[in-house]
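J.: Just input_19.txt, nothing more (compact mmCIF, C-alpha atoms and all ligand atoms):
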```txt
# COMPACT_ATOMS: atom_id res chain seq x y z
CA MET A 1 0.00 0.00 0.00
CA ILE A 2 1.23 3.42 -0.92
CA SER A 3 -0.20 6.55 0.54
CA LYS A 4 0.85 9.91 -0.74
CA ASP A 5 1.79 13.35 0.24
CA THR A 6 -1.50 15.03 0.98
CA LYS A 7 -0.24 18.38 -0.18
CA THR A 8 0.57 17.32 -3.72
CA PRO A 9 -1.58 14.41 -4.64
CA ALA A 10 -1.71 15.12 -8.34
CA ARG A 11 2.02 15.20 -8.83
CA VAL A 12 2.58 12.08 -6.91
CA ASP A 13 -0.12 10.27 -8.78
CA ARG A 14 1.43 11.03 -12.11
CA ARG A 15 4.69 9.56 -11.08
CA PHE A 16 3.37 6.31 -9.73
CA ARG A 17 3.31 3.41 -12.03
CA PRO A 18 0.40 1.44 -10.93
CA SER A 19 0.59 -1.39 -9.35
CA ARG A 20 1.81 -4.79 -10.01
CA LYS A 21 4.89 -3.66 -8.19
CA ALA A 22 2.96 -1.57 -5.76
CA GLU A 23 1.10 -4.62 -4.62
CA LEU A 24 4.36 -6.21 -3.73
CA ILE A 25 5.45 -3.46 -1.48
CA ALA A 26 4.70 -4.18 2.11
CA GLY A 27 5.46 -0.81 3.54
CA GLY A 28 3.44 2.37 3.47
CA THR A 29 4.56 5.88 2.98
CA VAL A 30 5.13 8.13 5.87
CA VAL A 31 4.27 11.53 4.64
CA LEU A 32 6.32 14.38 5.89
CA ALA A 33 7.42 17.62 4.35
CA MET A 34 10.57 17.17 6.25
CA LEU A 35 13.79 18.83 6.89
CA VAL A 36 15.09 16.26 9.27
CA LEU A 37 17.25 14.53 6.76
CA PHE A 38 18.58 17.75 5.33
CA THR A 39 19.55 18.79 8.78
CA LEU A 40 21.52 15.59 9.06
CA VAL A 41 23.37 15.82 5.81
CA ARG A 42 23.86 19.54 5.46
CA PRO A 43 27.52 20.50 5.44
CA THR A 44 28.60 21.72 8.81
CA SER A 45 31.57 22.86 10.74
CA GLU A 46 32.01 22.18 14.44
CA ALA A 47 29.21 24.63 15.05
CA ALA A 48 26.80 22.08 13.74
CA SER A 49 23.26 23.00 13.03
CA PRO A 50 21.62 23.01 16.42
CA ALA A 51 18.67 20.98 15.24
CA ALA A 52 20.81 17.92 14.46
CA PRO A 53 20.01 15.18 16.93
CA ASP A 54 23.16 14.49 18.88
CA TRP A 55 22.83 10.75 18.54
CA LEU A 56 23.66 10.90 14.89
CA THR A 57 26.91 12.03 13.42
CA TYR A 58 27.41 12.57 9.75
CA SER A 59 29.90 12.90 6.99
CA ASP A 60 30.79 16.27 5.66
CA PHE A 61 29.00 17.00 2.42
CA SER A 62 30.13 19.52 -0.11
CA GLN A 63 26.73 19.73 -1.66
CA ASP A 64 24.21 22.26 -0.55
CA MET A 65 20.72 20.98 -0.17
CA PRO A 66 18.06 22.97 -1.89
CA THR A 67 15.29 24.13 0.36
CA ILE A 68 12.39 22.92 -1.66
CA SER A 69 9.22 20.98 -1.19
CA THR A 70 10.33 17.53 -0.22
CA ALA A 71 8.43 14.38 0.57
CA GLU A 72 9.52 11.36 2.54
CA ARG A 73 8.22 8.02 1.34
CA VAL A 74 8.86 4.68 2.95
CA GLY A 75 8.80 1.24 1.39
CA THR A 76 9.68 -2.21 2.62
CA ILE A 77 11.48 -4.85 0.64
CA THR A 78 9.68 -8.16 0.44
CA SER A 79 10.95 -11.55 -0.63
CA ARG A 80 9.62 -10.85 -4.12
CA THR A 81 10.82 -7.29 -4.66
CA LYS A 82 14.22 -5.79 -5.23
CA ALA A 83 15.24 -2.53 -3.60
CA ALA A 84 15.32 -0.69 -6.94
CA ASP A 85 11.75 -1.82 -7.65
CA VAL A 86 10.64 -0.44 -4.32
CA LEU A 87 12.22 2.90 -5.14
CA GLU A 88 10.48 2.97 -8.50
CA VAL A 89 7.15 2.34 -6.90
CA LEU A 90 7.83 5.13 -4.45
CA GLY A 91 8.37 7.43 -7.44
CA ALA A 92 12.00 7.22 -8.56
CA SER A 93 12.97 6.89 -12.20
CA PRO A 94 14.52 3.51 -13.06
CA GLU A 95 17.89 5.20 -13.63
CA ASP A 96 17.84 6.98 -10.27
CA ALA A 97 16.69 3.88 -8.45
CA ALA A 98 19.51 1.82 -9.96
CA ARG A 99 22.17 4.47 -9.33
CA ALA A 100 21.15 5.01 -5.73
CA MET A 101 21.12 1.30 -4.97
CA ASP A 102 24.44 0.75 -6.75
CA ALA A 103 25.99 3.47 -4.63
CA LEU A 104 24.65 1.89 -1.44
CA HIS A 105 25.94 -1.54 -2.42
CA GLU A 106 29.35 -0.11 -3.26
CA THR A 107 29.85 0.69 0.42
CA GLY A 108 30.24 -3.04 1.00
CA LEU A 109 28.17 -2.70 4.15
CA LEU A 110 25.08 -4.41 2.85
CA GLY A 111 26.39 -7.94 2.60
CA GLY A 112 25.24 -9.84 -0.46
CA SER A 113 23.65 -8.41 -3.55
CA LYS A 114 20.07 -8.81 -2.39
CA LEU A 115 18.73 -6.96 0.61
CA ALA A 116 16.81 -8.95 3.19
CA ALA A 117 13.03 -8.95 3.12
CA GLY A 118 11.81 -6.51 5.71
CA THR A 119 14.52 -3.96 5.02
CA VAL A 120 12.95 -0.52 5.11
CA LEU A 121 13.90 2.10 2.51
CA THR A 122 13.26 5.73 3.28
CA ALA A 123 13.32 7.86 0.15
CA TYR A 124 13.17 11.64 -0.18
CA PHE A 125 11.86 13.36 -3.26
CA ASP A 126 12.13 16.87 -4.59
CA GLU A 127 8.61 17.24 -5.78
CA ALA A 128 9.13 20.32 -7.93
CA ALA A 129 12.02 18.91 -9.93
CA ASN A 130 11.70 17.33 -13.31
CA ASP A 131 8.88 19.65 -14.37
CA GLY A 132 6.81 18.67 -11.42
CA LEU A 133 7.23 14.95 -11.91
CA GLY A 134 9.50 14.78 -8.87
CA GLN A 135 13.00 13.47 -8.46
CA LEU A 136 14.73 11.14 -6.02
CA VAL A 137 17.00 13.17 -3.73
CA SER A 138 18.18 10.59 -1.26
CA VAL A 139 17.60 7.12 0.11
CA SER A 140 18.45 5.77 3.54
CA LEU A 141 18.32 2.32 5.06
CA ARG A 142 19.64 0.47 8.06
CA ALA A 143 22.63 -1.74 7.38
CA ASP A 144 22.59 -3.11 10.92
CA PRO A 145 21.11 -2.05 14.24
CA ARG A 146 23.80 0.58 14.72
CA THR A 147 24.42 1.79 11.22
CA SER A 148 22.32 3.62 8.67
CA LEU A 149 23.46 4.26 5.11
CA LEU A 150 22.43 7.27 3.11
CA ALA A 151 22.74 7.81 -0.64
CA THR A 152 22.36 11.41 -1.74
CA ARG A 153 21.98 12.81 -5.21
CA LYS A 154 24.78 14.98 -6.51
CA PRO A 155 24.23 17.76 -9.07
CA ASP A 156 25.54 15.52 -11.85
CA GLY A 157 22.85 12.95 -11.09
CA THR A 158 25.11 10.36 -9.47
CA PHE A 159 24.72 9.36 -5.84
CA MET A 160 27.18 9.65 -3.00
CA THR A 161 26.91 7.64 0.19
CA SER A 162 27.55 8.29 3.82
CA THR A 163 27.26 6.25 6.95
CA LEU A 164 25.32 7.35 9.97
CA THR A 165 26.26 5.58 13.15
CA ALA A 166 24.08 5.80 16.21
CA ARG A 167 25.85 6.46 19.47
CA VAL A 168 25.72 3.35 21.53
CA PHE A 169 25.65 3.28 25.27
CA THR A 170 26.15 0.42 27.62
CA SER A 171 23.84 0.28 30.53
CA MET A 172 22.74 -2.20 33.11
CA ARG A 173 19.29 -3.65 33.37
CA ARG A 174 17.71 -5.52 36.19
CA ILE A 175 15.03 -8.17 36.05
CA ALA A 176 13.55 -9.66 39.18
CA GLY A 177 10.55 -11.88 39.74
CA SER A 178 9.45 -15.44 40.19
CA ILE A 179 9.11 -18.35 37.84
CA ASP A 180 5.74 -19.27 36.44
CA THR A 181 6.59 -21.75 33.68
CA ASN A 182 10.38 -21.60 33.48
CA LEU A 183 13.23 -19.17 34.05
CA ALA A 184 13.82 -18.35 30.38
CA ASP A 185 10.17 -17.41 29.85
CA ALA A 186 10.18 -15.29 32.98
CA LEU A 187 13.27 -13.41 31.76
CA ILE A 188 12.03 -13.04 28.19
CA ALA A 189 8.73 -11.63 29.46
CA GLN A 190 10.71 -8.77 31.01
CA GLY A 191 13.07 -8.12 28.10
CA GLY A 192 15.75 -10.72 28.82
CA ASN A 193 16.64 -13.76 26.77
CA GLU A 194 17.33 -17.45 26.95
CA SER A 195 21.07 -17.10 27.11
CA LEU A 196 20.74 -15.15 30.36
CA ALA A 197 18.73 -18.05 31.80
CA GLU A 198 21.54 -20.43 30.83
CA SER A 199 24.09 -18.18 32.49
CA VAL A 200 22.05 -18.11 35.69
CA ALA A 201 21.67 -21.90 35.72
CA ALA A 202 25.42 -22.33 35.27
CA LEU A 203 25.96 -20.46 38.55
CA PHE A 204 23.96 -23.05 40.46
CA PRO A 205 25.33 -26.32 39.05
CA ASP A 206 24.07 -28.47 41.91
CA ASP A 207 20.46 -27.52 41.20
CA THR A 208 19.27 -30.42 39.05
CA GLN A 209 16.08 -28.62 38.08
CA LEU A 210 17.41 -25.14 37.29
CA SER A 211 19.19 -26.17 34.10
CA LYS A 212 15.79 -27.46 32.95
CA GLY A 213 14.04 -24.19 33.78
CA GLY A 214 13.62 -24.17 37.55
CA ARG A 215 10.46 -24.65 39.57
CA LYS A 216 7.31 -22.59 39.71
CA GLY A 217 7.50 -19.93 42.39
CA GLU A 218 11.29 -19.87 42.66
CA ARG A 219 12.60 -16.31 42.79
CA PHE A 220 15.34 -14.67 40.75
CA ASP A 221 17.02 -11.30 40.56
CA ILE A 222 19.48 -10.56 37.78
CA VAL A 223 21.46 -7.60 36.45
CA TYR A 224 22.94 -7.67 32.97
CA GLN A 225 24.58 -5.40 30.48
CA VAL A 226 22.92 -4.05 27.34
CA ALA A 227 24.04 -1.88 24.47
CA GLU A 228 21.36 0.62 23.63
CA ASP A 229 20.87 3.69 21.51
CA GLU A 230 20.11 7.09 22.93
CA ARG A 231 16.40 6.36 22.91
CA GLY A 232 16.86 3.34 25.10
CA ASN A 233 16.29 0.80 22.33
CA VAL A 234 18.29 -2.30 23.17
CA LEU A 235 20.70 -3.15 20.35
CA GLU A 236 22.44 -6.06 22.01
CA THR A 237 22.17 -7.98 25.24
CA GLY A 238 25.53 -8.40 26.92
CA ASP A 239 26.95 -10.26 29.88
CA LEU A 240 25.18 -11.31 33.01
CA LEU A 241 26.62 -9.17 35.83
CA PHE A 242 24.74 -10.46 38.83
CA ALA A 243 22.39 -13.28 39.67
CA ALA A 244 20.59 -14.14 42.85
CA TYR A 245 18.40 -17.20 43.07
CA ASN A 246 16.13 -18.43 45.81
CA GLY A 247 14.73 -21.89 45.26
CA LYS A 248 14.32 -25.35 46.64
CA GLN A 249 17.88 -26.43 45.86
CA SER A 250 19.65 -23.13 45.22
CA ASN A 251 20.08 -20.06 47.29
CA GLY A 252 22.77 -17.49 46.70
CA SER A 253 24.12 -14.40 44.96
CA TRP A 254 26.95 -14.15 42.46
CA TYR A 255 28.66 -11.01 41.14
CA ARG A 256 30.65 -10.96 37.92
CA PHE A 257 34.06 -9.46 38.57
CA GLU A 258 37.29 -9.26 36.59
CA PRO A 259 40.34 -9.00 38.84
CA SER A 260 42.86 -6.70 37.19
CA ASP A 261 45.77 -8.99 38.04
CA THR A 262 44.46 -11.90 35.95
CA GLY A 263 41.91 -10.20 33.69
CA ARG A 264 39.76 -13.30 34.06
CA ALA A 265 36.08 -12.50 34.65
CA GLU A 266 34.35 -14.86 37.04
CA PHE A 267 31.44 -14.82 39.43
CA TYR A 268 32.30 -14.14 43.05
CA ASN A 269 30.17 -14.28 46.15
CA ARG A 270 30.02 -11.42 48.64
CA GLN A 271 32.90 -12.98 50.57
CA GLY A 272 35.11 -12.75 47.48
CA SER A 273 35.27 -16.41 46.45
CA THR A 274 34.44 -18.02 43.15
CA GLN A 275 32.77 -21.36 42.89
CA LYS A 276 34.90 -24.35 43.78
CA PRO A 277 36.67 -25.74 40.75
CA LEU A 278 34.98 -28.85 39.45
CA LEU A 279 38.20 -30.13 37.90
CA THR A 280 41.88 -29.47 37.96
CA ARG A 281 43.61 -29.10 34.63
CA TYR A 282 46.76 -30.79 35.93
CA PRO A 283 46.19 -34.33 37.23
CA LEU A 284 49.90 -34.90 37.85
CA GLY A 285 50.07 -32.02 40.28
CA TYR A 286 52.40 -30.16 37.95
CA ALA A 287 52.48 -29.29 34.28
CA GLN A 288 55.12 -30.14 31.77
CA ILE A 289 53.18 -30.18 28.56
CA SER A 290 54.90 -32.00 25.71
CA SER A 291 52.02 -31.76 23.28
CA GLY A 292 49.09 -29.38 23.42
CA PHE A 293 45.48 -29.69 22.38
CA GLY A 294 44.53 -29.18 18.75
CA ARG A 295 45.29 -30.34 15.23
CA ARG A 296 48.71 -31.85 14.69
CA MET A 297 50.58 -34.47 12.75
CA HIS A 298 50.18 -37.70 14.65
CA PRO A 299 53.67 -38.79 15.74
CA VAL A 300 53.05 -42.45 14.89
CA SER A 301 50.54 -42.53 12.02
CA GLY A 302 51.72 -39.35 10.32
CA LEU A 303 48.09 -38.27 9.79
CA LEU A 304 46.87 -34.79 10.56
CA LEU A 305 44.50 -35.37 13.43
CA LEU A 306 42.90 -33.56 16.30
CA HIS A 307 44.99 -34.07 19.37
CA SER A 308 42.06 -34.55 21.68
CA GLY A 309 43.84 -33.79 24.92
CA VAL A 310 47.08 -32.62 26.47
CA ASP A 311 50.22 -34.70 26.92
CA PHE A 312 52.15 -34.31 30.14
CA ARG A 313 55.69 -35.64 29.93
CA ALA A 314 56.67 -37.57 33.05
CA PRO A 315 58.72 -40.60 34.04
CA ILE A 316 57.06 -44.02 34.13
CA GLY A 317 55.49 -44.56 37.53
CA THR A 318 54.63 -40.90 38.22
CA PRO A 319 51.36 -40.84 40.25
CA ILE A 320 48.19 -39.67 38.49
CA TYR A 321 45.42 -38.11 40.56
CA ALA A 322 41.69 -37.81 39.80
CA ALA A 323 41.02 -34.34 38.37
CA GLY A 324 37.72 -34.06 40.23
CA ASP A 325 35.06 -35.90 42.19
CA GLY A 326 33.24 -38.48 40.14
CA VAL A 327 32.56 -42.08 39.25
CA ILE A 328 34.94 -44.32 37.30
CA SER A 329 33.00 -45.13 34.13
CA GLN A 330 35.73 -47.09 32.32
CA MET A 331 38.91 -48.76 33.50
CA GLY A 332 40.89 -51.10 31.28
CA TRP A 333 42.66 -51.50 27.96
CA SER A 334 41.86 -49.72 24.74
CA ASP A 335 43.79 -49.81 21.46
CA GLY A 336 45.62 -46.56 21.08
CA TYR A 337 44.90 -45.30 24.60
CA GLY A 338 46.48 -48.36 26.24
CA ARG A 339 45.64 -48.61 29.94
CA GLN A 340 43.04 -45.95 30.49
CA ILE A 341 40.56 -44.62 33.01
CA HIS A 342 37.46 -42.49 32.36
CA ILE A 343 35.87 -40.55 35.21
CA ASP A 344 32.37 -39.09 35.01
CA HIS A 345 32.01 -35.81 36.84
CA LYS A 346 28.92 -33.68 37.29
CA ARG A 347 27.52 -31.26 34.71
CA GLY A 348 28.39 -33.33 31.65
CA PHE A 349 32.15 -33.39 32.25
CA GLU A 350 34.28 -36.47 31.77
CA THR A 351 38.05 -36.84 32.16
CA VAL A 352 40.20 -39.46 30.44
CA TYR A 353 43.69 -40.65 31.44
CA ALA A 354 45.63 -42.75 28.90
CA HIS A 355 48.87 -44.66 28.32
CA MET A 356 49.07 -45.61 32.00
CA SER A 357 51.61 -48.17 33.23
CA GLY A 358 49.32 -49.39 35.99
CA PHE A 359 46.15 -48.68 37.96
CA ASN A 360 45.50 -48.14 41.62
CA THR A 361 44.57 -51.75 42.32
CA LYS A 362 41.98 -50.75 44.92
CA LEU A 363 39.85 -49.15 42.21
CA SER A 364 37.46 -50.62 39.68
CA ALA A 365 34.81 -49.35 37.27
CA GLY A 366 31.72 -47.99 39.02
CA MET A 367 33.60 -46.76 42.11
CA ARG A 368 33.50 -43.22 43.38
CA VAL A 369 36.67 -41.18 43.55
CA LYS A 370 37.40 -37.81 45.12
CA ARG A 371 39.46 -35.11 43.53
CA GLY A 372 43.12 -35.80 44.23
CA ASP A 373 42.71 -39.58 44.76
CA LEU A 374 45.54 -41.64 43.31
CA ILE A 375 44.15 -43.52 40.31
CA GLY A 376 47.28 -44.92 38.64
CA TYR A 377 50.72 -44.28 37.16
CA VAL A 378 52.24 -42.72 34.05
CA GLY A 379 53.39 -45.17 31.36
CA ASN A 380 53.65 -45.62 27.61
CA SER A 381 51.02 -48.28 26.98
CA GLY A 382 49.01 -48.19 23.75
CA THR A 383 50.18 -45.97 20.89
CA ALA A 384 52.72 -43.79 22.65
CA THR A 385 56.16 -42.65 21.57
CA GLY A 386 57.39 -42.30 25.13
CA PRO A 387 56.20 -42.14 28.72
CA HIS A 388 53.54 -39.47 29.20
CA LEU A 389 50.01 -38.94 30.44
CA HIS A 390 47.48 -38.21 27.72
CA PHE A 391 44.72 -36.28 29.52
CA GLU A 392 41.35 -35.30 28.07
CA ILE A 393 38.46 -33.24 29.34
CA ARG A 394 35.19 -33.86 27.50
CA GLU A 395 32.14 -31.68 28.00
CA ASP A 396 28.87 -33.21 26.80
CA GLY A 397 30.94 -35.60 24.73
CA ARG A 398 33.02 -32.90 23.03
CA TYR A 399 36.78 -32.69 23.37
CA MET A 400 37.74 -29.53 25.22
CA ASN A 401 41.13 -27.92 25.58
CA PRO A 402 42.06 -28.71 29.20
CA VAL A 403 44.36 -25.73 29.39
CA SER A 404 42.03 -23.02 28.11
CA LEU A 405 38.65 -24.49 29.13
CA ASN A 406 36.68 -22.01 31.19
CA LEU A 407 36.53 -23.59 34.63
CA PRO A 408 35.97 -21.88 37.96
CA SER A 409 39.32 -21.00 39.44
CA GLY A 410 38.37 -21.55 43.06
CA ARG A 411 40.03 -18.25 43.80
CA SER A 412 39.47 -16.26 46.98
CA LEU A 413 40.16 -12.53 46.84
CA ALA A 414 40.93 -12.52 50.56
CA ALA A 415 44.59 -12.96 49.63
CA THR A 416 44.55 -9.82 47.46
CA PRO A 417 42.95 -6.97 49.48
CA GLU A 418 43.16 -4.49 46.58
CA GLU A 419 41.11 -6.74 44.34
CA MET A 420 38.70 -7.41 47.21
CA ASP A 421 38.14 -3.65 47.53
CA LYS A 422 37.35 -3.43 43.85
CA LEU A 423 34.91 -6.29 44.15
CA ARG A 424 33.19 -4.47 47.00
CA GLU A 425 32.81 -1.40 44.77
CA GLN A 426 31.31 -3.57 42.08
CA ILE A 427 28.91 -5.10 44.60
CA THR A 428 27.86 -1.62 45.74
CA THR A 429 27.23 -0.53 42.14
CA ILE A 430 25.09 -3.58 41.44
CA ASP A 431 23.20 -3.39 44.71
CA THR A 432 22.51 0.32 44.16
CA LEU A 433 21.05 -0.50 40.78
CA ARG A 434 18.90 -3.22 42.31
CA GLY A 435 17.45 -0.58 44.59
CA ALA A 436 16.93 1.89 41.75
CA THR A 437 14.36 2.00 39.00
CA GLY A 438 15.05 2.10 35.31
CA PRO A 439 18.24 1.45 33.39
CA VAL A 440 21.50 2.98 34.51
CA THR A 441 23.85 4.16 31.81
CA THR A 442 27.40 3.31 32.72
CA ALA A 443 29.59 4.06 29.74
CA ARG A 444 29.58 5.04 26.14
CA LEU A 445 30.66 2.27 23.83
CA THR A 446 31.04 3.74 20.39
CA THR A 447 30.41 6.91 18.50
CA LEU A 448 31.94 7.07 15.11
CA THR A 449 31.34 8.07 11.55
CA ILE A 450 32.74 6.45 8.47
CA PRO A 451 32.53 8.47 5.28
CA THR A 452 32.20 5.65 2.80
CA ASN A 453 32.23 7.49 -0.47
CA PRO A 454 33.32 11.09 0.02
ZN ZN B 1 48.03 -37.24 23.72
```
Mind turning this structure into structure tokens?
Ligand SMILES: [Zn+2]
T.:
Amino acid sequence: MISKDTKTPARVDRRFRPSRKAELIAGGTVVLAMLVLFTLVRPTSEAASPAAPDWLTYSDFSQDMPTISTAERVGTITSRTKAADVLEVLGASPEDAARAMDALHETGLLGGSKLAAGTVLTAYFDEAANDGLGQLVSVSLRADPRTSLLATRKPDGTFMTSTLTARVFTSMRRIAGSIDTNLADALIAQGGNESLAESVAALFPDDTQLSKGGRKGERFDIVYQVAEDERGNVLETGDLLFAAYNGKQSNGSWYRFEPSDTGRAEFYNRQGSTQKPLLTRYPLGYAQISSGFGRRMHPVSGLLLLHSGVDFRAPIGTPIYAAGDGVISQMGWSDGYGRQIHIDHKRGFETVYAHMSGFNTKLSAGMRVKRGDLIGYVGNSGTATGPHLHFEIREDGRYMNPVSLNLPSGRSLAATPEEMDKLREQITTIDTLRGATGPVTTARLTTLTIPTNP
């Protein structure tokens, strides 16, 4: 559906080609004898025109905009229409429509050749030009949530482009309430998302129900980061910063904090401790890595394979300790791995120890072990070029890099009073927000302009 500028219906009518194409256009026309766009693109010095909204910055134009009767018309691309077709239906000549779209595509900011269905084109027309038939002056569209592109007609009839980037702010948002169906739904209902629910559940790993959504009536309180524009529209949802949960199995509060000495963000409780580590990365008690995780040429077969764990070089007979509490799920011989033990831990984690020379004879499959229990000795059984422990950590069946895998550190900030002070500041900031209403803007993320085609 196309509506038209109420002030000049006759002119607009003459320019519109009826309608096979028009029927394809999903959008309507917003009618506005507007100067907004001209304000944005008018050439300016530092003393910018005061009417320019401060959330938009703009490239410097050398072209002066005529102050003439101008109409804004809006169309939406559908799966069956091309952008140039939409512009033609709005009133552009085929040549202008093609030139404007070519210029926009030349910026390289629009991805592939075809614009996605739903993309909105805002076109501005000089209605007096072309003997009253009207002429396309400019076209703008959103390349992504933060970036708008603008193609503007030059006196020679070609189009130049510029990029308008919204200023983006980071702020914190809080959502608190109780579960009706599940945690994700409760968060989504208040503007959150599913990934936040997963982050909350990860903080309470012993709660068998929370990873499945929690129980009706259980209470939550979270604070998270968002990137938003100056109008408060959320552009992206960022990290969880705080989560408190009060339920049948879980009760506690966790604050995200990044100690400056390690730069490693983790969740700490009010006393300054992270969660206990589920696993150690170093089951020999020390680390002398002879071969890291990742793709490599296999030393025996010569094939390029994923090295699914880490090799720790050590003399035959060096004690191997369980990396975490769990149940021995396999213990015995396997081709390649030689003498091996698998331990099942909680939360989908499994550790594997291979090439052993012998087992702790008191153990057998199905038995429980505690972290640090002696399980066996380093050897070179199976396919091994020399004595070493091949150690794997698998998460939900996937091979993880034991060295870089994100595991709780078990750190307490009590040993580093400066970091503890910073955590307390962070806790105060979060708790103040929890007592406040509305979003709190904390920092500006980006504000930049890229002239794409000056
Ligand atoms: Zn290995």
J.: Have a look at atom CA of A:Ala98 and atom CA of A:Ala166 and let me know their distance in Å, one decimal.
T.: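 Distance reported for this atom pair: 26.9 Å.
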J.: Let me have all residues with an atom within 8 Å of ligand ZN 1 (chain B), counting all atoms listed in the file, laid out as a list of chain:residue names.
T.: A:Ser291, A:Gly292, A:His307, A:Ser308, A:Gly309, A:Val310, A:Asp311, A:Ala354, A:Leu389, A:His390, A:Phe391
J.: One decimal, in Å: what's the spacing between atom CA of A:Gly338 and atom CA of A:His355?
T.: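 Computing it gives 4.9 Å between the two atoms.
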J.: Could you tell me, as a PyMOL selection string, which residues have any atom at most 6 Å from (10.0, 8.1, 1.5), counting all atoms listed in the file?
T.: chain A and resi 72-74+122-124
J.: Which residue, A:Ala365, A:Ala143, A:Ile188, A:Leu90, has the smallest gap to A:Ile328 when you use only C-alpha atoms?
T.: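 Among A:Ala365, A:Ala143, A:Ile188, A:Leu90, it is A:Ala365 that comes nearest to A:Ile328.
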J.: Suppose you want the space between atom CA of A:Gly192 and atom CA of A:Asn246; what is it in Å?
T.: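 The value is 18.7 Å.
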J.: So, with only C-alpha atoms as the atoms that count, which of A:Ser162, A:Thr76, A:Gln426, A:Thr170 lies closest to A:His105?
T.: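 For A:His105, the nearest of the given residues is A:Ser162.
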J.: Taking (47.2, -44.1, 41.6) in the file's coordinates as the center, which residues reach within 6 Å of it, counting all atoms listed in the file, put as a VMD selection string?
T.: chain A and resid 319 to 320 359 to 360 374 to 377
J.: Which of these residues is nearest to A:Pro315, using all atoms listed in the file: A:Ala100, A:Leu284, A:Ile179, A:Val378?
T.: A:Val378
J.: Do you know which residues are at most 6 Å from stretch 339-351 of chain A counting all atoms listed in the file, after dropping those on the same chain fewer than 4 positions away, and could you put them as a list in words?
T.: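 Using all atoms listed in the file, the neighbours found are Gly326, Val327, Ile328, Ser329, Gln330, Met331, Gly332, Trp333, His355, Met356, Glu392, Ile393, Arg394, Glu395 and Asp396 of chain A.
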J.: Would you export the selected residues with C-alpha atoms as a compact mmCIF listing (two decimals), in the coordinates of the input, please?
T.:
```txt
# COMPACT_ATOMS: atom_id res chain seq x y z
CA GLY A 326 33.24 -38.48 40.14
CA VAL A 327 32.56 -42.08 39.25
CA ILE A 328 34.94 -44.32 37.30
CA SER A 329 33.00 -45.13 34.13
CA GLN A 330 35.73 -47.09 32.32
CA MET A 331 38.91 -48.76 33.50
CA GLY A 332 40.89 -51.10 31.28
CA TRP A 333 42.66 -51.50 27.96
CA HIS A 355 48.87 -44.66 28.32
CA MET A 356 49.07 -45.61 32.00
CA GLU A 392 41.35 -35.30 28.07
CA ILE A 393 38.46 -33.24 29.34
CA ARG A 394 35.19 -33.86 27.50
CA GLU A 395 32.14 -31.68 28.00
CA ASP A 396 28.87 -33.21 26.80
```
J.: Here is a test: counting all atoms listed in the file, which residue of A:Thr428, A:Ser171, A:Ser211, A:Thr318 is nearest to A:Gln225?
T.: A:Ser171
J.: If you count only C-alpha atoms, which residues fall within 12 Å of A:Asp180, apart from same-chain ones fewer than 3 positions away, as a ChimeraX atom specification?
T.: /A:177,183-187,189,213-220
J.: Could the residues in this selection be saved with C-alpha atoms as an mmCIF file, in the frame of the given file?
T.:
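Once everything was written out, this is result_19.cif:
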```cif
data_model
loop_
_atom_site.group_PDB
_atom_site.id
_atom_site.type_symbol
_atom_site.label_atom_id
_atom_site.label_comp_id
_atom_site.auth_asym_id
_atom_site.auth_seq_id
_atom_site.Cartn_x
_atom_site.Cartn_y
_atom_site.Cartn_z
ATOM 1 C CA GLY A 177 10.550 -11.880 39.740
ATOM 2 C CA LEU A 183 13.230 -19.170 34.050
ATOM 3 C CA ALA A 184 13.820 -18.350 30.380
ATOM 4 C CA ASP A 185 10.170 -17.410 29.850
ATOM 5 C CA ALA A 186 10.180 -15.290 32.980
ATOM 6 C CA LEU A 187 13.270 -13.410 31.760
ATOM 7 C CA ALA A 189 8.730 -11.630 29.460
ATOM 8 C CA GLY A 213 14.040 -24.190 33.780
ATOM 9 C CA GLY A 214 13.620 -24.170 37.550
ATOM 10 C CA ARG A 215 10.460 -24.650 39.570
ATOM 11 C CA LYS A 216 7.310 -22.590 39.710
ATOM 12 C CA GLY A 217 7.500 -19.930 42.390
ATOM 13 C CA GLU A 218 11.290 -19.870 42.660
ATOM 14 C CA ARG A 219 12.600 -16.310 42.790
ATOM 15 C CA PHE A 220 15.340 -14.670 40.750
#
```
J.: Which residue out of A:Leu109, A:Ala197, A:Ala128, A:Val120 has the minimum interatomic distance to A:Leu210 when all atoms listed in the file are used?
T.: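 That would be A:Ala197, the residue with the smallest distance to A:Leu210.
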J.: Restrict the calculation to only C-alpha atoms, then for each residue of stretch 223-341 of chain A with any atom at most 12 Å from an atom of stretch 203-207 of chain A give the closest atom pair and their distance in Å to one decimal, rows by chain and rising residue number, as a Markdown table.
T.:
```
| residue | atom | partner | partner_atom | distance |
| --- | --- | --- | --- | --- |
| A:Leu240 | CA | A:Leu203 | CA | 10.7 |
| A:Leu241 | CA | A:Leu203 | CA | 11.6 |
| A:Phe242 | CA | A:Leu203 | CA | 10.1 |
| A:Ala243 | CA | A:Leu203 | CA | 8.1 |
| A:Ala244 | CA | A:Leu203 | CA | 9.3 |
| A:Tyr245 | CA | A:Phe204 | CA | 8.5 |
| A:Asn246 | CA | A:Phe204 | CA | 10.5 |
| A:Gly247 | CA | A:Asp207 | CA | 9.0 |
| A:Lys248 | CA | A:Asp207 | CA | 8.5 |
| A:Gln249 | CA | A:Asp207 | CA | 5.4 |
| A:Ser250 | CA | A:Asp207 | CA | 6.0 |
| A:Asn251 | CA | A:Phe204 | CA | 8.4 |
| A:Gly252 | CA | A:Phe204 | CA | 8.4 |
| A:Ser253 | CA | A:Leu203 | CA | 9.0 |
| A:Trp254 | CA | A:Leu203 | CA | 7.5 |
| A:Tyr255 | CA | A:Leu203 | CA | 10.2 |
| A:Arg256 | CA | A:Leu203 | CA | 10.6 |
| A:Glu266 | CA | A:Leu203 | CA | 10.2 |
| A:Phe267 | CA | A:Leu203 | CA | 7.9 |
| A:Tyr268 | CA | A:Leu203 | CA | 10.0 |
| A:Asn269 | CA | A:Leu203 | CA | 10.7 |
| A:Thr274 | CA | A:Leu203 | CA | 10.0 |
| A:Gln275 | CA | A:Leu203 | CA | 8.1 |
| A:Lys276 | CA | A:Pro205 | CA | 10.9 |
| A:Pro277 | CA | A:Pro205 | CA | 11.5 |
| A:Leu278 | CA | A:Pro205 | CA | 10.0 |
```
